[in-house]
file start27.txt (compact mmCIF, C-alpha atoms)
# COMPACT_ATOMS: atom_id res chain seq x y z
CA MET W 280 -5.62 -12.13 -2.98
CA PRO W 281 -9.05 -12.40 -1.33
CA LYS W 282 -11.01 -9.18 -0.93
CA GLU W 283 -11.94 -10.03 2.65
CA ARG W 284 -8.82 -10.57 4.71
CA LEU W 285 -7.00 -9.19 7.73
CA ARG W 286 -5.67 -5.71 7.07
CA ARG W 287 -4.73 -4.64 10.55
CA ALA W 288 -1.41 -3.08 9.59
CA MET W 289 -0.90 -1.60 6.14
CA MET W 290 2.68 -0.36 5.90
CA PHE W 291 3.78 2.25 3.40
CA ALA W 292 7.18 2.00 1.70
CA PRO W 293 8.58 4.80 -0.48
CA GLY W 294 8.48 3.69 -4.10
CA ASN W 295 11.88 5.06 -5.08
CA ASN W 296 13.85 3.32 -2.34
CA PRO W 297 15.05 -0.14 -3.33
CA ALA W 298 16.24 -1.10 0.17
CA MET W 299 12.80 -0.38 1.62
CA LEU W 300 10.89 -2.01 -1.21
CA GLN W 301 12.78 -5.27 -1.12
CA ASN W 302 12.64 -5.52 2.67
CA ALA W 303 9.03 -4.41 3.07
CA GLY W 304 7.75 -7.96 3.43
CA ILE W 305 9.91 -9.04 6.36
CA TYR W 306 8.25 -6.98 9.06
CA GLY W 307 5.00 -8.89 9.25
CA ALA W 308 2.52 -6.28 8.05
CA ASP W 309 -0.73 -7.68 6.66
CA SER W 310 -0.28 -5.43 3.63
CA VAL W 311 2.43 -3.24 2.19
CA ILE W 312 1.72 -0.21 0.05
CA PHE W 313 4.41 0.98 -2.34
CA ASP W 314 4.06 4.71 -2.57
CA LEU W 315 4.42 6.64 -5.81
CA GLU W 316 2.71 9.74 -4.42
CA ASP W 317 3.83 11.80 -1.45
CA ALA W 318 7.00 9.78 -0.77
CA VAL W 319 8.42 10.40 -4.25
CA ALA W 320 9.86 13.70 -5.46
CA ILE W 321 8.44 15.02 -8.71
CA PRO W 322 11.64 14.55 -10.78
CA GLU W 323 11.71 10.89 -9.71
CA LYS W 324 8.12 9.86 -10.47
CA ASP W 325 9.22 7.95 -13.58
CA SER W 326 12.05 6.23 -11.75
CA ALA W 327 9.85 5.18 -8.84
CA ARG W 328 7.14 3.61 -10.96
CA ASN W 329 9.69 1.53 -12.88
CA LEU W 330 11.24 0.38 -9.61
CA VAL W 331 7.87 -0.49 -8.05
CA HIS W 332 6.86 -2.33 -11.22
CA ASN W 333 9.98 -4.48 -11.09
CA ALA W 334 9.78 -5.09 -7.34
CA ILE W 335 6.22 -6.41 -7.61
CA LYS W 336 6.91 -8.41 -10.75
CA TYR W 337 10.16 -10.06 -9.75
CA LEU W 338 10.23 -10.28 -5.96
CA LYS W 339 8.09 -12.52 -3.77
CA TYR W 340 6.24 -10.98 -0.85
CA PRO W 341 4.55 -12.92 1.98
CA CYS W 342 1.77 -10.35 2.21
CA GLU W 343 -0.62 -8.32 0.12
CA VAL W 344 1.11 -5.69 -2.04
CA GLY W 345 -0.60 -2.54 -3.19
CA VAL W 346 0.49 0.64 -4.95
CA ARG W 347 -0.53 4.16 -4.05
CA ILE W 348 -0.55 5.92 -7.38
CA ASN W 349 -0.64 9.63 -7.96
CA HIS W 350 -4.15 10.94 -8.48
CA ILE W 351 -5.28 10.69 -12.08
CA SER W 352 -5.69 14.48 -12.21
CA THR W 353 -1.92 14.86 -11.83
CA PRO W 354 0.60 14.51 -14.70
CA TRP W 355 1.67 11.11 -13.33
CA GLY W 356 -1.41 9.11 -12.38
CA TYR W 357 -2.23 7.52 -15.73
CA ASP W 358 1.45 6.68 -16.34
CA ASP W 359 1.60 5.06 -12.91
CA LEU W 360 -1.34 2.83 -13.79
CA GLU W 361 0.00 1.95 -17.23
CA CYS W 362 3.31 0.94 -15.70
CA VAL W 363 2.40 -0.87 -12.49
CA LEU W 364 -0.69 -2.78 -13.62
CA GLU W 365 1.47 -4.97 -15.86
CA ALA W 366 3.19 -6.20 -12.71
CA ASN W 367 -0.15 -7.40 -11.29
CA PRO W 368 -0.31 -5.68 -7.89
CA ASP W 369 -2.93 -6.90 -5.42
CA PHE W 370 -4.54 -3.48 -5.23
CA ILE W 371 -4.33 0.11 -6.35
CA ARG W 372 -4.82 2.83 -3.76
CA LEU W 373 -6.13 6.13 -5.04
CA PRO W 374 -5.25 9.15 -2.88
CA LYS W 375 -7.49 12.21 -2.53
CA SER W 376 -10.59 10.38 -3.75
CA ASP W 377 -13.37 12.92 -4.08
CA THR W 378 -15.93 11.25 -6.33
CA ALA W 379 -17.24 7.87 -7.38
CA GLU W 380 -16.32 8.80 -10.96
CA ASP W 381 -12.60 8.66 -10.08
CA ILE W 382 -13.05 5.08 -8.91
CA LYS W 383 -15.13 4.05 -11.91
CA GLU W 384 -12.57 5.41 -14.34
CA ILE W 385 -9.72 3.54 -12.67
CA ASP W 386 -11.85 0.41 -12.50
CA GLU W 387 -12.19 0.56 -16.30
CA ILE W 388 -8.45 1.03 -16.75
CA ILE W 389 -7.76 -1.95 -14.51
CA THR W 390 -10.34 -4.06 -16.33
CA LYS W 391 -8.62 -3.37 -19.66
CA ALA W 392 -5.23 -4.20 -18.15
CA GLU W 393 -6.45 -7.49 -16.67
CA LYS W 394 -7.75 -8.47 -20.10
CA LYS W 395 -4.61 -7.33 -21.91
CA TYR W 396 -2.25 -9.22 -19.62
CA GLY W 397 -4.42 -12.26 -19.03
CA PHE W 398 -4.96 -11.66 -15.33
CA GLU W 399 -8.05 -13.04 -13.61
CA ALA W 400 -10.90 -10.57 -14.11
CA GLY W 401 -11.56 -8.59 -10.95
CA SER W 402 -8.40 -9.79 -9.25
CA ILE W 403 -6.77 -6.39 -8.89
CA LEU W 404 -8.59 -4.62 -6.07
CA MET W 405 -8.84 -0.96 -5.17
CA MET W 406 -8.93 1.23 -2.14
CA ALA W 407 -9.65 4.92 -1.83
CA ALA W 408 -8.20 7.45 0.58
CA ILE W 409 -10.60 10.19 1.64
CA GLU W 410 -8.69 13.39 2.27
CA SER W 411 -11.20 16.22 1.89
CA PRO W 412 -14.70 17.25 2.98
CA LYS W 413 -15.94 16.56 -0.56
CA GLY W 414 -14.53 13.06 -0.43
CA LEU W 415 -16.09 12.56 2.98
CA ARG W 416 -19.49 13.68 1.69
CA ASN W 417 -19.19 11.18 -1.16
CA ALA W 418 -17.65 8.41 0.94
CA TYR W 419 -20.52 5.95 0.59
CA GLU W 420 -20.76 6.46 -3.19
CA ILE W 421 -16.97 6.05 -3.47
CA ALA W 422 -17.12 2.89 -1.37
CA CYS W 423 -19.81 1.43 -3.64
CA ALA W 424 -18.34 2.65 -6.94
CA SER W 425 -16.68 -0.62 -7.87
CA PRO W 426 -16.79 -4.27 -6.82
CA ARG W 427 -13.00 -4.01 -6.64
CA MET W 428 -13.22 -1.72 -3.61
CA LEU W 429 -11.70 -3.48 -0.61
CA GLY W 430 -11.84 -0.47 1.66
CA ILE W 431 -11.68 3.23 2.26
CA ALA W 432 -9.18 5.10 4.37
CA ILE W 433 -8.65 8.53 5.76
CA GLY W 434 -5.57 10.58 4.88
CA GLY W 435 -5.15 12.43 8.16
CA GLU W 436 -2.63 15.11 7.25
CA ASP W 437 -4.31 16.17 4.00
CA PHE W 438 -7.72 16.05 5.64
CA ALA W 439 -6.62 18.35 8.46
CA THR W 440 -5.12 20.73 5.90
CA SER W 441 -8.35 20.77 3.90
CA LEU W 442 -10.19 21.80 7.06
CA LYS W 443 -7.73 24.68 7.46
CA THR W 444 -6.55 23.29 10.77
CA SER W 445 -3.72 21.08 11.99
CA LYS W 446 -3.49 17.45 12.91
CA THR W 447 -3.69 17.10 16.69
CA ARG W 448 -2.13 14.34 18.72
CA GLU W 449 -5.58 13.44 20.05
CA GLY W 450 -7.16 13.52 16.60
CA ARG W 451 -9.89 15.99 17.53
CA GLU W 452 -10.00 17.46 14.04
CA SER W 453 -10.74 14.11 12.40
CA PHE W 454 -12.96 12.43 15.00
CA ALA W 455 -16.24 13.15 13.25
CA ALA W 456 -14.78 12.30 9.83
CA LYS W 457 -13.42 8.98 11.04
CA SER W 458 -16.83 8.01 12.42
CA MET W 459 -18.53 8.96 9.16
CA LEU W 460 -16.06 6.86 7.21
CA VAL W 461 -16.84 3.84 9.36
CA TYR W 462 -20.57 4.34 8.72
CA ALA W 463 -19.98 4.58 4.95
CA ALA W 464 -17.71 1.53 4.87
CA ARG W 465 -20.06 -0.61 6.93
CA GLU W 466 -23.09 0.34 4.86
CA ALA W 467 -21.11 -0.49 1.72
CA GLY W 468 -19.82 -3.73 3.25
CA ILE W 469 -16.13 -2.96 2.86
CA GLN W 470 -13.23 -2.31 5.22
CA VAL W 471 -12.06 0.99 6.67
CA ILE W 472 -8.47 1.80 7.54
CA ASP W 473 -7.19 4.56 9.83
CA SER W 474 -4.52 7.06 8.77
CA VAL W 475 -0.80 7.01 9.48
CA PHE W 476 0.57 8.57 12.65
CA SER W 477 3.56 10.58 11.53
CA ASP W 478 5.54 10.87 14.78
CA ILE W 479 7.39 7.56 14.82
CA ASN W 480 8.95 8.38 18.18
CA ASP W 481 5.64 8.88 19.99
CA ASN W 482 4.59 5.32 20.85
CA GLU W 483 2.05 6.49 23.39
CA GLY W 484 0.34 8.81 20.93
CA PHE W 485 0.37 6.12 18.26
CA THR W 486 -1.18 3.52 20.55
CA ALA W 487 -3.84 5.99 21.69
CA GLU W 488 -4.79 6.80 18.09
CA ALA W 489 -4.85 3.12 17.14
CA THR W 490 -7.01 2.31 20.17
CA LEU W 491 -9.49 5.03 19.24
CA ALA W 492 -9.56 3.69 15.69
CA LYS W 493 -10.35 0.20 16.94
CA GLU W 494 -13.07 1.50 19.23
CA LEU W 495 -14.64 3.51 16.39
CA GLY W 496 -14.81 0.33 14.32
CA PHE W 497 -11.80 0.60 12.00
CA ASP W 498 -10.42 -2.66 10.63
CA GLY W 499 -6.82 -1.55 10.74
CA LYS W 500 -4.35 1.28 10.56
CA SER W 501 -1.74 2.46 8.11
CA CYS W 502 1.82 2.91 9.29
CA VAL W 503 5.08 4.24 7.95
CA ASN W 504 7.57 2.44 10.16
CA PRO W 505 7.99 -1.27 10.91
CA ARG W 506 8.18 -0.43 14.64
CA GLN W 507 4.52 0.51 14.52
CA ILE W 508 3.30 -2.85 13.23
CA ASP W 509 3.46 -4.74 16.52
CA MET W 510 1.81 -1.82 18.30
CA ILE W 511 -1.09 -2.05 15.84
CA TYR W 512 -1.39 -5.79 16.34
CA LYS W 513 -1.41 -5.39 20.09
CA VAL W 514 -4.31 -2.94 19.88
CA PHE W 515 -6.33 -4.89 17.34
CA THR W 516 -5.86 -8.32 18.92
CA PRO W 517 -8.64 -9.22 21.36
CA SER W 518 -7.31 -9.42 24.90
CA ALA W 519 -7.55 -12.59 26.97
CA LYS W 520 -10.26 -10.88 29.00
CA GLU W 521 -12.28 -10.05 25.85
CA ILE W 522 -11.91 -13.61 24.56
CA ASP W 523 -12.96 -15.07 27.89
CA TYR W 524 -16.00 -12.81 28.04
CA ALA W 525 -16.99 -13.73 24.48
CA ARG W 526 -16.77 -17.42 25.33
CA ARG W 527 -18.94 -16.94 28.43
CA VAL W 528 -21.54 -14.99 26.43
CA LEU W 529 -21.78 -17.80 23.88
CA ALA W 530 -21.90 -20.41 26.64
CA ALA W 531 -24.80 -18.53 28.26
CA TYR W 532 -26.51 -18.38 24.87
CA GLN W 533 -26.11 -22.14 24.32
CA ASP W 534 -27.34 -22.78 27.84
CA ALA W 535 -30.46 -20.67 27.22
CA LEU W 536 -31.09 -22.52 23.94
CA ALA W 537 -30.83 -25.86 25.70
CA LYS W 538 -33.30 -24.72 28.33
CA LYS W 539 -35.54 -23.22 25.62
CA SER W 540 -35.34 -19.97 27.52
CA GLY W 541 -36.05 -16.73 25.69
CA VAL W 542 -34.00 -14.76 28.18
CA ILE W 543 -30.25 -15.03 28.25
CA SER W 544 -28.31 -13.60 31.13
CA LEU W 545 -24.73 -13.60 32.27
CA ASN W 546 -23.82 -12.47 35.77
CA GLY W 547 -27.17 -10.77 36.08
CA LYS W 548 -26.78 -8.84 32.84
CA MET W 549 -29.15 -9.45 29.93
CA ILE W 550 -27.52 -10.75 26.78
CA ASP W 551 -29.28 -9.95 23.54
CA ALA W 552 -28.68 -10.63 19.84
CA PRO W 553 -26.11 -7.88 19.08
CA MET W 554 -23.97 -9.00 22.00
CA ILE W 555 -24.04 -12.59 20.75
CA THR W 556 -23.01 -11.37 17.31
CA ARG W 557 -20.16 -9.37 18.83
CA ALA W 558 -19.03 -12.37 20.86
CA GLU W 559 -18.99 -14.60 17.77
CA ARG W 560 -17.09 -11.91 15.89
CA THR W 561 -14.52 -11.56 18.71
CA LEU W 562 -13.81 -15.27 18.76
CA ALA W 563 -13.61 -15.54 14.98
CA TYR W 564 -11.24 -12.59 14.86
CA ALA W 565 -9.16 -13.93 17.74
CA SER W 566 -8.88 -17.25 15.94
CA ALA W 567 -7.89 -15.53 12.69
CA VAL W 568 -5.08 -13.60 14.37
CA GLY W 569 -3.92 -16.61 16.35
CA ALA W 570 -4.98 -15.27 19.74
CA CYS W 571 -6.97 -18.39 20.59
CA MET L 254 14.59 1.12 -32.68
CA SER L 255 15.40 4.02 -30.31
CA LYS L 256 18.41 6.30 -30.10
CA ILE L 257 20.10 7.89 -27.12
CA ILE L 258 20.05 11.59 -27.96
CA LYS L 259 21.23 13.12 -24.67
CA ALA L 260 23.01 12.15 -21.47
CA ALA L 261 20.76 11.09 -18.62
CA GLN L 262 20.96 9.29 -15.34
CA ALA L 263 18.79 7.39 -12.89
CA GLY L 264 19.21 5.85 -9.46
CA THR L 265 21.48 6.76 -6.57
CA VAL L 266 24.59 5.59 -4.78
CA GLU L 267 22.58 4.65 -1.70
CA SER L 268 22.87 1.11 -0.39
CA CYS L 269 20.94 -1.44 -2.52
CA ASP L 270 20.76 1.01 -5.43
CA VAL L 271 22.74 1.72 -8.59
CA LEU L 272 23.52 5.01 -10.31
CA ILE L 273 23.23 4.60 -14.06
CA MET L 274 24.62 7.32 -16.30
CA ILE L 275 23.96 6.88 -19.99
CA ALA L 276 25.23 8.95 -22.90
CA PRO L 277 25.03 8.85 -26.72
CA ALA L 278 27.49 6.72 -28.68
CA ASP L 279 28.38 6.60 -32.35
CA PRO L 280 26.18 4.34 -34.48
CA GLY L 281 27.71 0.89 -34.55
CA ALA L 282 29.68 1.47 -31.36
CA GLY L 283 27.47 -0.92 -29.46
CA ILE L 284 26.76 -0.70 -25.73
CA GLN L 285 29.86 0.10 -23.72
CA VAL L 286 29.54 -0.41 -19.99
CA GLU L 287 31.92 0.82 -17.33
CA LEU L 288 30.98 -0.67 -13.98
CA ILE L 289 32.04 0.11 -10.44
CA SER L 290 30.81 -2.49 -7.98
CA PRO L 291 31.84 -3.82 -4.58
CA THR L 292 31.06 -7.27 -5.96
CA MET L 293 32.95 -6.85 -9.20
CA GLN L 294 34.69 -10.20 -8.98
CA GLN L 295 31.59 -12.21 -8.16
CA TYR L 296 28.92 -10.41 -10.14
CA GLY L 297 30.65 -7.95 -12.47
CA THR L 298 30.04 -10.02 -15.60
CA HIS L 299 26.42 -10.69 -14.65
CA ILE L 300 25.65 -7.04 -13.92
CA THR L 301 27.30 -5.84 -17.12
CA LYS L 302 25.30 -8.40 -19.13
CA LEU L 303 22.06 -7.35 -17.40
CA ILE L 304 22.69 -3.68 -18.17
CA LYS L 305 23.40 -4.43 -21.84
CA GLU L 306 20.37 -6.73 -22.19
CA THR L 307 18.06 -4.18 -20.59
CA ILE L 308 19.27 -1.42 -22.90
CA LEU L 309 18.84 -3.69 -25.93
CA SER L 310 15.31 -4.59 -24.79
CA CYS L 311 14.52 -0.87 -24.87
CA GLY L 312 15.45 -0.87 -28.57
CA VAL L 313 18.75 0.94 -28.13
CA GLN L 314 21.79 -0.45 -29.93
CA ASP L 315 24.48 2.10 -29.09
CA ALA L 316 25.24 3.77 -25.75
CA VAL L 317 27.96 4.63 -23.30
CA VAL L 318 27.05 3.60 -19.76
CA HIS L 319 28.68 4.28 -16.42
CA ALA L 320 27.24 2.28 -13.56
CA ASN L 321 28.08 2.74 -9.88
CA GLU L 322 26.46 -0.13 -8.08
CA LYS L 323 25.99 -0.46 -4.31
CA GLY L 324 24.63 -3.96 -3.80
CA ALA L 325 21.62 -3.51 -6.06
CA MET L 326 19.50 -6.53 -6.93
CA ASP L 327 18.70 -7.31 -10.55
CA TYR L 328 15.21 -5.78 -10.39
CA THR L 329 16.72 -2.47 -9.27
CA ILE L 330 19.46 -2.48 -11.90
CA ALA L 331 16.94 -3.21 -14.66
CA ALA L 332 14.56 -0.50 -13.41
CA ARG L 333 17.23 2.17 -13.15
CA VAL L 334 18.61 1.31 -16.59
CA LYS L 335 15.14 1.52 -18.12
CA THR L 336 14.54 4.90 -16.48
CA ALA L 337 17.89 6.26 -17.66
CA VAL L 338 17.21 5.07 -21.21
CA ASP L 339 13.70 6.60 -21.21
CA ARG L 340 15.18 9.90 -20.05
CA ALA L 341 17.98 9.73 -22.62
CA ILE L 342 15.84 9.00 -25.67
CA GLY L 343 13.96 12.18 -24.99

call {"tool": "encode", "arguments": {"input": "start27.txt", "output": "structure tokens"}}
result
Amino acid sequence: MPKERLRRAMMFAPGNNPAMLQNAGIYGADSVIFDLEDAVAIPEKDSARNLVHNAIKYLKYPCEVGVRINHISTPWGYDDLECVLEANPDFIRLPKSDTAEDIKEIDEIITKAEKKYGFEAGSILMMAAIESPKGLRNAYEIACASPRMLGIAIGGEDFATSLKTSKTREGRESFAAKSMLVYAAREAGIQVIDSVFSDINDNEGFTAEATLAKELGFDGKSCVNPRQIDMIYKVFTPSAKEIDYARRVLAAYQDALAKKSGVISLNGKMIDAPMITRAERTLAYASAVGAC
Amino acid sequence: MSKIIKAAQAGTVESCDVLIMIAPADPGAGIQVELISPTMQQYGTHITKLIKETILSCGVQDAVVHANEKGAMDYTIAARVKTAVDRAIG
């Protein structure tokens, strides 16, 4: 799976639920994440990792498939890696990432597994969820800790808890953190994914949070219910108005080039380099998602 | 070679899953499988064979197995059997 790809909707599926695992690919998410962590009760950690291993190894999915393991400081993390890597997942997601050392250690484990099983070196990617102030402070180092890193994410519920506050519908408690994560991801040149929105019956709240994420610069959003996937796509797909504007910006740019004019304007407004870049990006993105 | 030393189970009776209960058997008894399945006629033989083969691949030669299957695919049956065996060999 390429490191750079659309990851607008990353849908979690509980690792110990066969019905959800085997159907995870039919809902159209860009990526699915099989969860061995919070969605699995402690007595079932062994059962879940065997099930996830078999699902990845024997079933075909039309999308990227990752595994959220338990943190390697828990009694289950290393066993999760030993079990699921043999199945060749597309990526491993580490929760509660606090330091670059966590990432480097897992990178080494994955490297050994790729060699042992004859997988292409570097093919199994990683992502890290930031869920604490310490993780946030180290976000850039975490993002740069391995060439396998495809992106960083924020774990909203755990992050709010670590701040000794609660998750608000408007996301006030995580606004600053989300912005800092975008800065870290962009400086590191990797993607950044917004957290899940737990209330699956609050479409308005979900759409508002996804819209804020898009405006802050996030590449996508995690979700826990297939109903949320289309809502994410609607938010992250450039509108007809945005596409039209982008086309007119580029047309004005081409026109200025043809006239050898150093000044580009559109409807009386000056167009400069960043706006041209944004217009090109909008059209490329719209093309990639099939919006134009 | 591994030996089942205690009874153990894995899985559930939820849709698409299988509940595997495994218990020790006398040496030489082989793997005895009792299966309940809504698709007994169509897939009973296949599921029983899969359970036995999975247990053998874990290095266990003798076991008593009760399986209550609810439309589980092969990958699920194999995973639940492996988990039950791992729990039963201690």

call {"tool": "interface_residues", "arguments": {"input": "start27.txt", "of": "chain L", "to": "chain W", "cutoff": "8 Å", "atoms": "only C-alpha atoms", "output": "PyMOL selection string"}}
result
chain L and resi 263-264+268-270+325+328-329+331-333+335-336

call {"tool": "residues_around", "arguments": {"input": "start27.txt", "residues": "Ser352 in chain W", "least_positions_apart": "2", "cutoff": "12 Å", "atoms": "all atoms listed in the file", "output": "JSON, numbers by chain"}}
result
{"W": [348, 349, 350, 354, 355, 356, 357, 358, 359, 373, 374, 375, 376, 377, 381, 384, 385]}

call {"tool": "residues_around", "arguments": {"input": "start27.txt", "residues": "Thr301 in chain L", "least_positions_apart": "6", "cutoff": "9 Å", "atoms": "all atoms listed in the file", "output": "PDB file with C-alpha atoms, in the frame of the given file"}}
result
ATOM      1  CA  VAL L 286      29.540  -0.410 -19.990  1.00  0.00           C
ATOM      2  CA  GLU L 287      31.920   0.820 -17.330  1.00  0.00           C
ATOM      3  CA  LEU L 288      30.980  -0.670 -13.980  1.00  0.00           C
ATOM      4  CA  ALA L 320      27.240   2.280 -13.560  1.00  0.00           C
TER       5      ALA L 320
END

call {"tool": "residues_around", "arguments": {"input": "start27.txt", "residues": "range 413-425 of chain W", "least_positions_apart": "2", "cutoff": "7 Å", "atoms": "all atoms listed in the file", "output": "list in words"}}
result
Ser376, Asp377, Thr378, Ala379, Ile382, Lys383, Asp386, Ile409, Glu410, Ser411, Arg427, Met428, Gly430, Ile431, Ala456, Leu460, Ala463, Ala464 and Ala467 of chain W

call {"tool": "closest_residue", "arguments": {"input": "start27.txt", "among": "L:Val338, L:Met274, L:Gly343, L:Ala282", "to": "Gly312 in chain L", "atoms": "all atoms listed in the file"}}
result
L:Val338

call {"tool": "atom_distance", "arguments": {"input": "start27.txt", "atom1": "CA of Arg347 in chain W", "atom2": "CA of Met290 in chain W"}}
result
11.4 Å
